[in-house]
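One structure below.
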Amino acid sequence: MKDGGRLAAAIEVLTDVETRHRPVQVALRDWGAAHRFAGSGDRTVIGNLVFDALRNKASLSARMRDGRPRALALATYCLTWAKGIEALADTLEQDHHAPEALSEEERDRLSNEDLADLKPHELADVPEWLWPRFQAAFGDNSIEEGRALATRAPVDLRANPLKSDREKVLKRLAHTGAMPTGLSPWGVRIEAKPGLGRMPHVQAEEGYRKGWFELQDEASQLAAHLAQAQPGMQVLDYCAGGGGKTLALAAAMQNKGQLYAYDADRLRLAPIHERLQRAGARNIQVRDPASSSLDDLIGQMDLVFIDAPCTGTGVWRRRPDSKWRLTDRALEDRIKDQRHVLKNASQYVKPGGRLAYATCSVLPEENQDQADWFLQNEPDFQSVSAGDTWKDTLPQAAAPSYISERGDILLSPASTGTDGFFIALFQRAG
Ligand SMILES: C[S@@+](CC[C@H](N)C(=O)[O-])C[C@H]1O[C@@H](n2cnc3c(N)ncnc32)[C@H](O)[C@@H]1O
């Protein structure tokens, strides 16, 4: 396929996402299944066009004064990918599979470089209703933070010390351009490629199959690290899902002590078994909500880790369609879920034990405000500074930009080069 045909395909997929409210991955997969002639290179470019169009939907719609799929796809190619208007015009004219040629109006809009008319939330590519919350989180940096959340994410890996180390992983992945990350001592990063670029499929690597590394954003690695699970401890991962944090906690515990992995949704827990085996994690009991209870753990845990259900506003780089789907109602529901989880999970902490609360959201309602709520409602717990833990245990890492008075930490793409992530620590009175 030439770029003209790929643009036409991206418009088709974006239309599918918009009109049938389909998840973008599903729409892309179905397009691929119905167009078998498209090679994997074509599918990568079409996917990049669709994802970048969604990442930058508000700013591109404002610049085109048109938010429809055609306008978004053309603007992505011409403006976001900086191909320029003449290259776009040629692409449309020289390929009979391409969408129709540019209109005069489209030419005008695509050549206008003046962004003065764009509102701040459009410049930031943040939904308008969320803008005040965004400003509450990031203040004067809100536009920069929004822009960073509209870029492509790198592929981050966590070297698994149960089976390997960062040097070995870096050597094994040298052909991918992998580099050490700056904050997590276990982090390895393959930077996102611009425009047409294709990311390596790291799960096909032998090192992945052998459990030498896991796919995990640096922010998640840091959140697990700041919880300070230690060898010999009794630890409960209360929202274990597919086990990403569980594996990081098990590695910190060097397979010593006991780690319980629980999730209210047994389907989400399903992949954990295979992952534990691959990673060589042997100190984990998976507690399936349908067949086991946690009653025996009440008041027994040295550490309870809560990777809370949240709106995912910190991972918009990876899931740009969720940015425009999020509703006030869904945010309210997540806030309720988080309180429920905080209340339930805290009962497992032993006197003197700790609780770690993390979200992949940047919204104060899900982060700081929930930490306030918890401290007000559970007087048995007091705050522990995650900022101090960072300083003491990550001496090589620059201090994060957003640390609250209590020491809760907010990570973000613009400030730490990671996903948006919040972490607060608490200790139960002894
Ligand atoms: C952010 S995800 C966890 C991701 C996982 N920790 C990882 O690193 O791969 C949040 C999880 O919380 C779970 N969850 C939601 N409500 C819950 C509840 N009341 N009790 C326990 N888990 C819950 C969800 O099923 C979901 O798997």
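Residues are referred to by chain and number: the chain letter is A, B, ... according to the order shown in the structure tokens, the number counts from 1 in that chain, and ligands are numbered separately from 1 in the order shown.
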Within 6 Å of ligand 1, which residues of chain A come that close, and what is the closest atom pair and distance in Å for each? Count only C-alpha atoms and all ligand atoms and give it as JSON lines.
{"residue": "A:Tyr238", "atom": "CA", "partner": "ligand 1", "partner_atom_place_in_ligand_line": "21 (C)", "distance": 5.7}
{"residue": "A:Cys239", "atom": "CA", "partner": "ligand 1", "partner_atom_place_in_ligand_line": "12 (O)", "distance": 4.1}
{"residue": "A:Ala240", "atom": "CA", "partner": "ligand 1", "partner_atom_place_in_ligand_line": "6 (N)", "distance": 4.0}
{"residue": "A:Gly241", "atom": "CA", "partner": "ligand 1", "partner_atom_place_in_ligand_line": "27 (O)", "distance": 3.6}
{"residue": "A:Gly242", "atom": "CA", "partner": "ligand 1", "partner_atom_place_in_ligand_line": "9 (O)", "distance": 4.5}
{"residue": "A:Gly243", "atom": "CA", "partner": "ligand 1", "partner_atom_place_in_ligand_line": "9 (O)", "distance": 4.5}
{"residue": "A:Gly244", "atom": "CA", "partner": "ligand 1", "partner_atom_place_in_ligand_line": "8 (O)", "distance": 3.5}
{"residue": "A:Lys245", "atom": "CA", "partner": "ligand 1", "partner_atom_place_in_ligand_line": "8 (O)", "distance": 4.1}
{"residue": "A:Asp263", "atom": "CA", "partner": "ligand 1", "partner_atom_place_in_ligand_line": "22 (N)", "distance": 4.1}
{"residue": "A:Ala264", "atom": "CA", "partner": "ligand 1", "partner_atom_place_in_ligand_line": "21 (C)", "distance": 4.0}
{"residue": "A:Asp265", "atom": "CA", "partner": "ligand 1", "partner_atom_place_in_ligand_line": "25 (O)", "distance": 4.5}
{"residue": "A:Arg268", "atom": "CA", "partner": "ligand 1", "partner_atom_place_in_ligand_line": "27 (O)", "distance": 5.5}
{"residue": "A:Asp307", "atom": "CA", "partner": "ligand 1", "partner_atom_place_in_ligand_line": "6 (N)", "distance": 5.0}
{"residue": "A:Ala308", "atom": "CA", "partner": "ligand 1", "partner_atom_place_in_ligand_line": "10 (C)", "distance": 4.8}
{"residue": "A:Pro309", "atom": "CA", "partner": "ligand 1", "partner_atom_place_in_ligand_line": "10 (C)", "distance": 3.9}
{"residue": "A:Asp337", "atom": "CA", "partner": "ligand 1", "partner_atom_place_in_ligand_line": "16 (N)", "distance": 5.9}
{"residue": "A:Val341", "atom": "CA", "partner": "ligand 1", "partner_atom_place_in_ligand_line": "19 (N)", "distance": 5.0}
Contact table range 24-96 of chain A vs range 320-326 of chain A, cut-off 7 Å, shortest pair per residue, only C-alpha atoms, as a tab-separated table:
residue	atom	partner	partner_atom	distance
A:Val24	CA	A:Asp321	CA	6.8
A:Phe51	CA	A:Pro320	CA	6.7
A:Leu54	CA	A:Pro320	CA	5.6
A:Arg55	CA	A:Pro320	CA	5.1
For this session: Quick one: everything within 12 Å of Leu130 in chain A, counting only C-alpha atoms, minus sequence neighbours fewer than 6 positions away in the same chain. Send it as JSON, numbers by chain.
Result: {"A": [120, 121, 122, 124, 136, 137, 142, 146, 311, 313, 323, 324, 325, 326, 327, 328, 331, 362, 363, 364, 365]}
Write a file of the just-selected residues containing N, CA and C atoms, as an mmCIF file, in the first residue's frame.
data_model
loop_
_atom_site.group_PDB
_atom_site.id
_atom_site.type_symbol
_atom_site.label_atom_id
_atom_site.label_comp_id
_atom_site.auth_asym_id
_atom_site.auth_seq_id
_atom_site.Cartn_x
_atom_site.Cartn_y
_atom_site.Cartn_z
ATOM 1 N N PRO A 120 -6.794 26.863 25.799
ATOM 2 C CA PRO A 120 -5.748 26.081 26.490
ATOM 3 C C PRO A 120 -6.008 24.570 26.474
ATOM 4 N N HIS A 121 -7.262 24.156 26.704
ATOM 5 C CA HIS A 121 -7.497 22.702 26.741
ATOM 6 C C HIS A 121 -7.301 22.073 25.363
ATOM 7 N N GLU A 122 -7.533 22.863 24.297
ATOM 8 C CA GLU A 122 -7.301 22.341 22.945
ATOM 9 C C GLU A 122 -5.794 22.218 22.687
ATOM 10 N N ALA A 124 -3.660 21.674 24.816
ATOM 11 C CA ALA A 124 -3.170 20.574 25.661
ATOM 12 C C ALA A 124 -3.745 19.222 25.255
ATOM 13 N N ALA A 136 -5.702 21.881 38.413
ATOM 14 C CA ALA A 136 -5.502 21.673 39.852
ATOM 15 C C ALA A 136 -4.305 20.747 40.082
ATOM 16 N N ALA A 137 -4.102 19.808 39.169
ATOM 17 C CA ALA A 137 -2.977 18.867 39.341
ATOM 18 C C ALA A 137 -1.648 19.504 38.940
ATOM 19 N N SER A 142 0.179 22.872 33.013
ATOM 20 C CA SER A 142 -0.917 22.026 32.503
ATOM 21 C C SER A 142 -0.831 21.789 30.997
ATOM 22 N N GLY A 146 -0.320 18.179 29.335
ATOM 23 C CA GLY A 146 -1.304 17.646 28.392
ATOM 24 C C GLY A 146 -0.638 17.260 27.075
ATOM 25 N N THR A 311 -9.390 6.020 36.476
ATOM 26 C CA THR A 311 -9.801 6.471 35.138
ATOM 27 C C THR A 311 -8.707 6.295 34.097
ATOM 28 N N THR A 313 -6.204 8.280 33.449
ATOM 29 C CA THR A 313 -5.809 9.528 32.765
ATOM 30 C C THR A 313 -4.288 9.650 32.634
ATOM 31 N N LYS A 323 -9.323 8.769 26.499
ATOM 32 C CA LYS A 323 -9.312 10.193 26.884
ATOM 33 C C LYS A 323 -10.631 10.864 26.522
ATOM 34 N N TRP A 324 -11.159 10.528 25.367
ATOM 35 C CA TRP A 324 -12.383 11.194 24.890
ATOM 36 C C TRP A 324 -13.641 10.456 25.329
ATOM 37 N N ARG A 325 -13.468 9.238 25.837
ATOM 38 C CA ARG A 325 -14.634 8.451 26.280
ATOM 39 C C ARG A 325 -14.970 8.706 27.736
ATOM 40 N N LEU A 326 -13.999 9.168 28.501
ATOM 41 C CA LEU A 326 -14.187 9.310 29.945
ATOM 42 C C LEU A 326 -15.344 10.265 30.235
ATOM 43 N N THR A 327 -16.185 9.894 31.202
ATOM 44 C CA THR A 327 -17.317 10.745 31.579
ATOM 45 C C THR A 327 -17.231 11.072 33.066
ATOM 46 N N ASP A 328 -17.967 12.122 33.427
ATOM 47 C CA ASP A 328 -18.075 12.531 34.811
ATOM 48 C C ASP A 328 -18.560 11.361 35.681
ATOM 49 N N LEU A 331 -15.892 8.834 36.326
ATOM 50 C CA LEU A 331 -14.964 9.336 37.347
ATOM 51 C C LEU A 331 -15.578 9.157 38.741
ATOM 52 N N VAL A 362 -3.959 11.116 36.942
ATOM 53 C CA VAL A 362 -3.334 12.377 37.386
ATOM 54 C C VAL A 362 -4.363 13.297 38.047
ATOM 55 N N LEU A 363 -5.600 12.827 38.196
ATOM 56 C CA LEU A 363 -6.656 13.706 38.704
ATOM 57 C C LEU A 363 -6.648 13.769 40.235
ATOM 58 N N PRO A 364 -6.654 14.972 40.809
ATOM 59 C CA PRO A 364 -6.584 15.091 42.272
ATOM 60 C C PRO A 364 -7.676 14.309 42.995
ATOM 61 N N GLU A 365 -8.880 14.225 42.416
ATOM 62 C CA GLU A 365 -9.980 13.504 43.078
ATOM 63 C C GLU A 365 -9.656 12.042 43.337
#
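Nearest residue to Gly41 in chain A among A:Leu196, A:Thr80, A:Gly407, A:Lys336 is A:Leu196, counting only C-alpha atoms.
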Problem set entry | Which of range 188-221 of chain A DSSP labels alpha helix (DSSP H), written as a PyMOL selection string | chain A and resi 206-209+218-221
Writer output for current selection, N, CA and C atoms, as a compact mmCIF listing (two decimals), in the first residue's frame:
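out00.txt, freshly written:
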# COMPACT_ATOMS: atom_id res chain seq x y z
N GLU A 206 13.71 -13.93 22.85
CA GLU A 206 13.99 -15.08 23.70
C GLU A 206 14.08 -14.65 25.18
N GLY A 207 14.67 -13.49 25.43
CA GLY A 207 14.83 -12.99 26.80
C GLY A 207 13.48 -12.84 27.49
N TYR A 208 12.45 -12.46 26.74
CA TYR A 208 11.12 -12.31 27.32
C TYR A 208 10.57 -13.69 27.69
N ARG A 209 10.71 -14.63 26.75
CA ARG A 209 10.19 -15.98 27.03
C ARG A 209 10.88 -16.60 28.24
N GLU A 218 7.97 2.61 33.51
CA GLU A 218 8.88 2.97 34.62
C GLU A 218 8.09 3.47 35.84
N ALA A 219 6.97 4.15 35.62
CA ALA A 219 6.19 4.67 36.76
C ALA A 219 5.68 3.51 37.62
N SER A 220 5.22 2.44 37.00
CA SER A 220 4.74 1.28 37.76
C SER A 220 5.89 0.63 38.51
N GLN A 221 7.05 0.57 37.89
CA GLN A 221 8.23 0.01 38.57
C GLN A 221 8.54 0.82 39.83
Problem set entry | Near-Leu173 in chain A list (10 Å; only C-alpha atoms; drop same-chain fewer than 3 positions) as a ChimeraX atom specification | /A:167-170,176-179,188,190,200,202,205-207
For this session: Show which residues sit within 9 Å of Gln368 in chain A, as an MDAnalysis selection string. Count only C-alpha atoms, and ignore same-chain residues fewer than 5 positions away.
Result: chainID A and resid 363 373 404 408 422 424
Problem set entry | Residue contacts of Arg29 in chain A (12 Å, only C-alpha atoms) excluding same-chain residues fewer than 4 positions away, as a PyMOL selection string | chain A and resi 13+16-17+22-25+33-36+38+40+43-44+46-47
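Of the listed residues A:Cys310, A:Ala71, A:Ala358, A:Ala89, the one whose atoms come nearest to Leu14 in chain A is A:Ala71, with distances taken using only C-alpha atoms.
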Counting only C-alpha atoms, which residues of range 256-275 of chain A sit at most 6 Å from some atom of range 230-235 of chain A, and what is each one's closest atom pair with its distance in Å to one decimal, listed by chain and rising residue number, as a tab-separated table?
residue	atom	partner	partner_atom	distance
A:Lys256	CA	A:Pro231	CA	4.8
A:Gly257	CA	A:Gly232	CA	3.6
A:Gln258	CA	A:Gln234	CA	4.9
A:Leu259	CA	A:Val235	CA	4.7
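By chain and then residue number, the residues within 8 Å of Ala159 in chain A are Ser164, Asp165, Arg166, Val169, Trp186, Gly187, Val188, Trp212, Phe213 and Glu214 of chain A, counting only C-alpha atoms and disregarding those fewer than 4 positions away in sequence.
One distance worth recording is that between CA of Asn48 in chain A and CA of Gly195 in chain A, which is 7.3 Å.
Among the candidates A:Asn283, A:Asn56, A:Ser401, A:Gln396, the residue lying nearest to Asp125 in chain A is A:Asn56 (atoms considered: only C-alpha atoms).
Pairwise distance (CA of Ser111 in chain A, CA of Cys78 in chain A) equals 9.3 Å.
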Exercise. Which of range 77-255 of chain A counts as strand (DSSP E) under DSSP, as a PyMOL selection string please?
Worked result: chain A and resi 155-159+179-180+187-190+213-215+234-237
What does the file look like for those residues with C-alpha atoms, as a JSON list (two decimals), in the first residue's frame?
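Below is the file result-v3.json, written as the result:
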[["chain", "number", "residue", "atom", "x", "y", "z"],
["A", 155, "VAL", "CA", 8.28, 0.68, 25.45],
["A", 156, "ASP", "CA", 9.52, 0.29, 29.01],
["A", 157, "LEU", "CA", 10.77, -2.99, 30.40],
["A", 158, "ARG", "CA", 11.69, -4.07, 33.91],
["A", 159, "ALA", "CA", 14.73, -6.32, 34.15],
["A", 179, "MET", "CA", 18.79, 2.12, 26.90],
["A", 180, "PRO", "CA", 18.65, 2.21, 30.71],
["A", 187, "GLY", "CA", 14.27, 0.03, 33.87],
["A", 188, "VAL", "CA", 15.10, -0.45, 30.19],
["A", 189, "ARG", "CA", 13.58, 1.81, 27.55],
["A", 190, "ILE", "CA", 13.06, 1.59, 23.82],
["A", 213, "PHE", "CA", 12.30, -8.95, 31.67],
["A", 214, "GLU", "CA", 8.69, -7.83, 31.90],
["A", 215, "LEU", "CA", 6.89, -5.12, 29.98],
["A", 234, "GLN", "CA", 3.91, -10.88, 54.46],
["A", 235, "VAL", "CA", 2.52, -8.79, 51.59],
["A", 236, "LEU", "CA", -0.92, -8.52, 49.99],
["A", 237, "ASP", "CA", -1.32, -7.16, 46.46]]
